[in-house]
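Novice: Right, I'll just put the structure down here and ask away after.
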Amino acid sequence: MKTVRNTKQYVSFKEAFSGERFSCTKTKDFIKSIYGEFEKKYGGKYNGRESAIRKQLILFVNSLNNDFNKNDVDKERMMSWGKSMTGAGSYIAWRIIFYIVLKHNFYSKTLKNEMEHIKDDYIDFYHRAPSSRSLFKHTIERNKSLCHFRIVPKWYKNNPGDIEYTELEFDTDNTYIQDLIVNFYREKCRKDDCYNITPMIRHFAESLNWKEIKDIYDFDVDTLKLQCLFYREYSEYSNFIKLFYLYIDELQGERSVFNEINGLSRLYIGSQRFTDNFLEGYFFCYLNPVDEMPKCDKWIVAPNGLEEKNSITKSYELQKIDFSSIKDPILKEALKEWFWRVNGNTVLHGRQKKTRYIMDFLNYREEVRSLHLAEFVAARSNKKDIQEEILAEEVIGYKMLWESKLTPRALDQRLAPLKPFFRYLETEGLYQVEPATYRFFSYSEPKKNDSQPVPKEELQLLYKKMEEYARLSNNNKLYFIIFSLSCITRLRINTIRDLDVDCIQENGRPGLYSVRVKEKTSHGDKRNIEIDQKTYRLIKMAEDVTSQTRKEAPESLKHYLFLVHNSRHTYNVVSEDGYRKHLKKVCKEAGISNYSSRNFRDTYMTTVINEAIKNNVNPLFLKEQTGHKKITTTLNYYYEVDLKDYIEATYKVEIGAVPIRGTISSKICDFSDEDIVNDRCGVCRNKECDVEGTADCLMCEGFFTSPEFIGAFEEAINNVSQKIESATSEHDKEHLYLIKKLYVTYLSKIYEVMTDNGDQQCN
């Protein structure tokens with residue numbers, strides 16, 4: 001239906017804005033500018049919205065006196081305009097009027113400061129956001145000073161593309177602070193934080209205790225402490241304080257006061273629970289034993305140097321340690337020194353754990369002494385000078401306290417750090433330790449893997465449920481990828497979490513790849529591990545999932561593959577604890593037992609060993625597949641079979657008590673090609689050969705072999721096996737079988753020597 005133009009209303013609107021009844025020329029121009037602005041935006045539109053706007057503008061013009069001029073536009077007049085404009089179309093009508101007022105400077109001198117303060121912001125807002133609601137209408141109605149307000153864009157959480165503008169209300173008219181916060185808000189605040197920053201900045205100057213801020217260096221450690229204290233009660237603001245001071249640190253550049261000298265750093269400020277830790281007096285430092293040890297008792301320690309090579313410790317993960325609970329000043333300083341300089345090449349999290357166990361013992365010792373010191377003195381024939389001495393009763397009591405609560409292995413881990421610490425105390429002459437104390441630090445139970453592989457049916461159920469959850473969020477996708485990798489590769493959970501985005505390398509031919517990783521057995525160095533196509537696809541999937549996060553993350557963290565944005569402004573690698581909780585939840589929903597990453601590694605290891613035995617795979621290949629330094633680790637720890645049984649199953653021969661006399665060493669000796677004997681399986685060290693018979697060299701005491709000859713032994717065993725199959729007489733087969741047993745026995749002994757790393761004389 002064609003819209004009928006309301007000519008009468010259009011003419012009356014045009015006549016109302018002709019400005020002829022006003023005596024002041026500037027007022028006429030002002031009125032005509034309002035009309036022109038409306039026509040530019042809404043001219044020719046005749047629906048209900050535009051009619052309502054026209055009506056509001058007509059009412060506004062009719063309310064003005066004939067002699068009205070800009071000197072009449074004071075705060076009171078602006079307030080009356082705002083209150084009188086109500087109903088449909090009032091907000092847009094106000095936007096147009098207020099825009100023209102600012103553009104043509106149509107206000108009295110009393111309003112100049114306030115209008116100049118918001119002029120540029122409002123005009124920019126007016127042109128950029130034509131659909132936004134009006135700003136400053138209610139502010140002016142409430143008679144609030146515009147010098148305390150600024151305009152910034154805001155984003156709606158549900159519609160990121162829908163940009164509007166909002167007023168930021170400050171408790172100060174300090175333009176430096178306002179400009180700083182507005183720039184901070186525009187550059188650093190995430191879109192879903194726009195609702196929370198407003199109440200924070202309403203108390204910003206108050207949080208500084210009204211300290212005058214003139215430049216960026218007026219923000220320092222004292223202002224940080226003031227603001228952390230002020231906002232401590234409002235946990236939702238702590239992230240903004242962290243992000244704001246990271247922004248300040250960035251602006252201060254090389255002269256930043258938020259450095260290690262003051263116990264701060266960007267890493268520390270951006271960490272979780274920073275506000276609480278900072279106010280509790282924790283001092284940030286990088287662990288560097290050659291530097292001076294911090295003098296305070298509360299440390300937030302970051303890894304440095306060798307510590308960063310471990311796959312468990314991440315460069316951004318901090319360790320918190322508080323020595324202030326130790327009452328004995330000598331022991332306190334000794335433990336600090338031991339942590340800082342003496343604790344070897346132990347990685348940072350290991351140092352922290354050991355120190356915590358020692359601290360726990362020292363606190364227990366103080367408690368026990370407060371109750372039984374007189375008895376300890378009496379037991380030593382009233383020897384009173386035991387104040388600076390570790391007593392056997394104290395260690396026995398501590399061990400008994402934990403024996404009923406911990407497994408033997410966990411108890412050993414708790415007691416183990418005490419012994420080297422006590423040795424350090426004695427060596428440095430700081431404390432005496434009773435000799436009997438050292439008898440109570442270990443147990444004899446052998447190390448055994450107590451976890452179990454996951455049954456095939458339950459693994460399939462878990463895989464299906466993890467896959468369902470992966471569709472819900474990117475974090476769940478990463479959990480699914482980690483789970484899958486732990487099931488089909490030898491990689492431990494922390495090795496997977498430590499993968500770099502460029503970890504995949506081509507192996508010379510298309511379609512063949514390896515992944516570069518740091519493993520538990522690599523001492524922090526990276527090594528290449530061959531991977532199949534499924535592993536390749538999973539890593540590429542993780543790369544795709546985290547691509548956007550890595551673009552937004554700090555430069556120092558961009559290299560991590562499994563990078564996530566866990567909380568506001570915090571980037572880090574997928575949390576092991578988060579993965580464990582997710583796995584527990586999924587196991588429960590799948591109706592199966594609660595499995596951990598260790599179970600999936602056991603599943604992989606068991607599968608590899610079963611396949612190796614089934615397909616007669618030699619121990620070297622199995623060692624490569626599992627990544628263990630010693631083949632015995634694989635067999636004894638993950639499978640109920642020893643090395644001898646494995647080799648017998650692989651080569652289909654029963655070794656038994658075969659009499660061999662040669663020497664097997666972990667390292668080769670000097671030899672020439674002329675010395676190599678017996679199908680290149682070893683070296684003859686006899687000057688004159690005095691042995692005759694079949695397989696004579698293997699039976700000679702002068703025969704010498706080592707792991708370098710493993711390939712030759714395997715080839716010799718295969719040759720003998722083929723001869724056995726082709727032999728026609730039982731006598732020949734039996735004779736060849738004995739030779740094969742001899743070769744296999746030597747091969748078994750070589751693998752044992754590789755495990756023991758020593759020489760072995762076989763008599």
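We label chains A, B, ... in the order they appear in the structure tokens, count residues from 1 in each chain, and number ligands from 1 in the order shown.
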Using backbone DSSP assignments, extract all strand (DSSP E or B) residues from region 105-281 of chain A; output them as a list in words.
Specialist: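 Filtering region 105-281 of chain A down to strand (DSSP E or B) leaves Phe149, Arg150, Ile151, Val152, Pro153, Lys154, Trp155, Ile163, Glu164, Tyr165, Thr166, Glu167, Leu168 and Glu169 of chain A.
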Novice: How would the residues just picked look written out with N, CA, C and O atoms as a tab-separated table (two decimals), in the first residue's frame?
Specialist:
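Once written, result_18.tsv looks like this:
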```tsv
chain	number	residue	atom	x	y	z
A	149	PHE	N	32.24	12.82	33.10
A	149	PHE	CA	31.74	11.79	32.19
A	149	PHE	C	32.53	11.76	30.90
A	149	PHE	O	33.05	12.77	30.44
A	150	ARG	N	32.60	10.53	30.32
A	150	ARG	CA	33.16	10.35	28.99
A	150	ARG	C	32.32	9.30	28.25
A	150	ARG	O	31.60	8.52	28.86
A	151	ILE	N	32.45	9.29	26.93
A	151	ILE	CA	31.70	8.34	26.12
A	151	ILE	C	32.67	7.33	25.49
A	151	ILE	O	33.69	7.72	24.93
A	152	VAL	N	32.34	6.04	25.61
A	152	VAL	CA	33.16	5.00	24.98
A	152	VAL	C	32.22	3.96	24.36
A	152	VAL	O	31.07	3.82	24.76
A	153	PRO	N	32.70	3.24	23.36
A	153	PRO	CA	31.87	2.18	22.76
A	153	PRO	C	31.71	1.01	23.72
A	153	PRO	O	32.60	0.72	24.52
A	154	LYS	N	30.59	0.35	23.64
A	154	LYS	CA	30.40	-0.88	24.41
A	154	LYS	C	29.83	-1.95	23.49
A	154	LYS	O	29.19	-1.66	22.48
A	155	TRP	N	30.09	-3.22	23.85
A	155	TRP	CA	29.65	-4.33	23.02
A	155	TRP	C	28.69	-5.17	23.85
A	155	TRP	O	28.89	-5.38	25.04
A	163	ILE	N	27.48	-2.71	18.21
A	163	ILE	CA	28.25	-1.72	18.98
A	163	ILE	C	27.36	-0.55	19.34
A	163	ILE	O	26.70	0.03	18.50
A	164	GLU	N	27.34	-0.22	20.61
A	164	GLU	CA	26.70	0.99	21.08
A	164	GLU	C	27.71	1.77	21.90
A	164	GLU	O	28.85	1.36	22.06
A	165	TYR	N	27.26	2.89	22.42
A	165	TYR	CA	28.13	3.72	23.24
A	165	TYR	C	27.54	3.84	24.63
A	165	TYR	O	26.34	3.73	24.82
A	166	THR	N	28.42	4.04	25.59
A	166	THR	CA	27.97	4.18	26.97
A	166	THR	C	28.72	5.31	27.64
A	166	THR	O	29.79	5.73	27.20
A	167	GLU	N	28.13	5.82	28.71
A	167	GLU	CA	28.78	6.85	29.51
A	167	GLU	C	29.64	6.19	30.58
A	167	GLU	O	29.19	5.27	31.24
A	168	LEU	N	30.85	6.67	30.74
A	168	LEU	CA	31.68	6.28	31.88
A	168	LEU	C	31.67	7.41	32.88
A	168	LEU	O	32.00	8.55	32.54
A	169	GLU	N	31.28	7.10	34.09
A	169	GLU	CA	31.20	8.12	35.14
A	169	GLU	C	32.41	8.01	36.06
A	169	GLU	O	32.67	6.95	36.62
```
Novice: May I ask which of the residues A:Cys147, A:Leu736, A:Cys684, A:Ala590 is the closest one to Lys723 (chain A), counting only C-alpha atoms?
Specialist: A:Leu736
Novice: At what distance in Å, to one decimal, does CA of Asp67 (chain A) lie from CA of Thr27 (chain A)?
Specialist: 8.6 Å
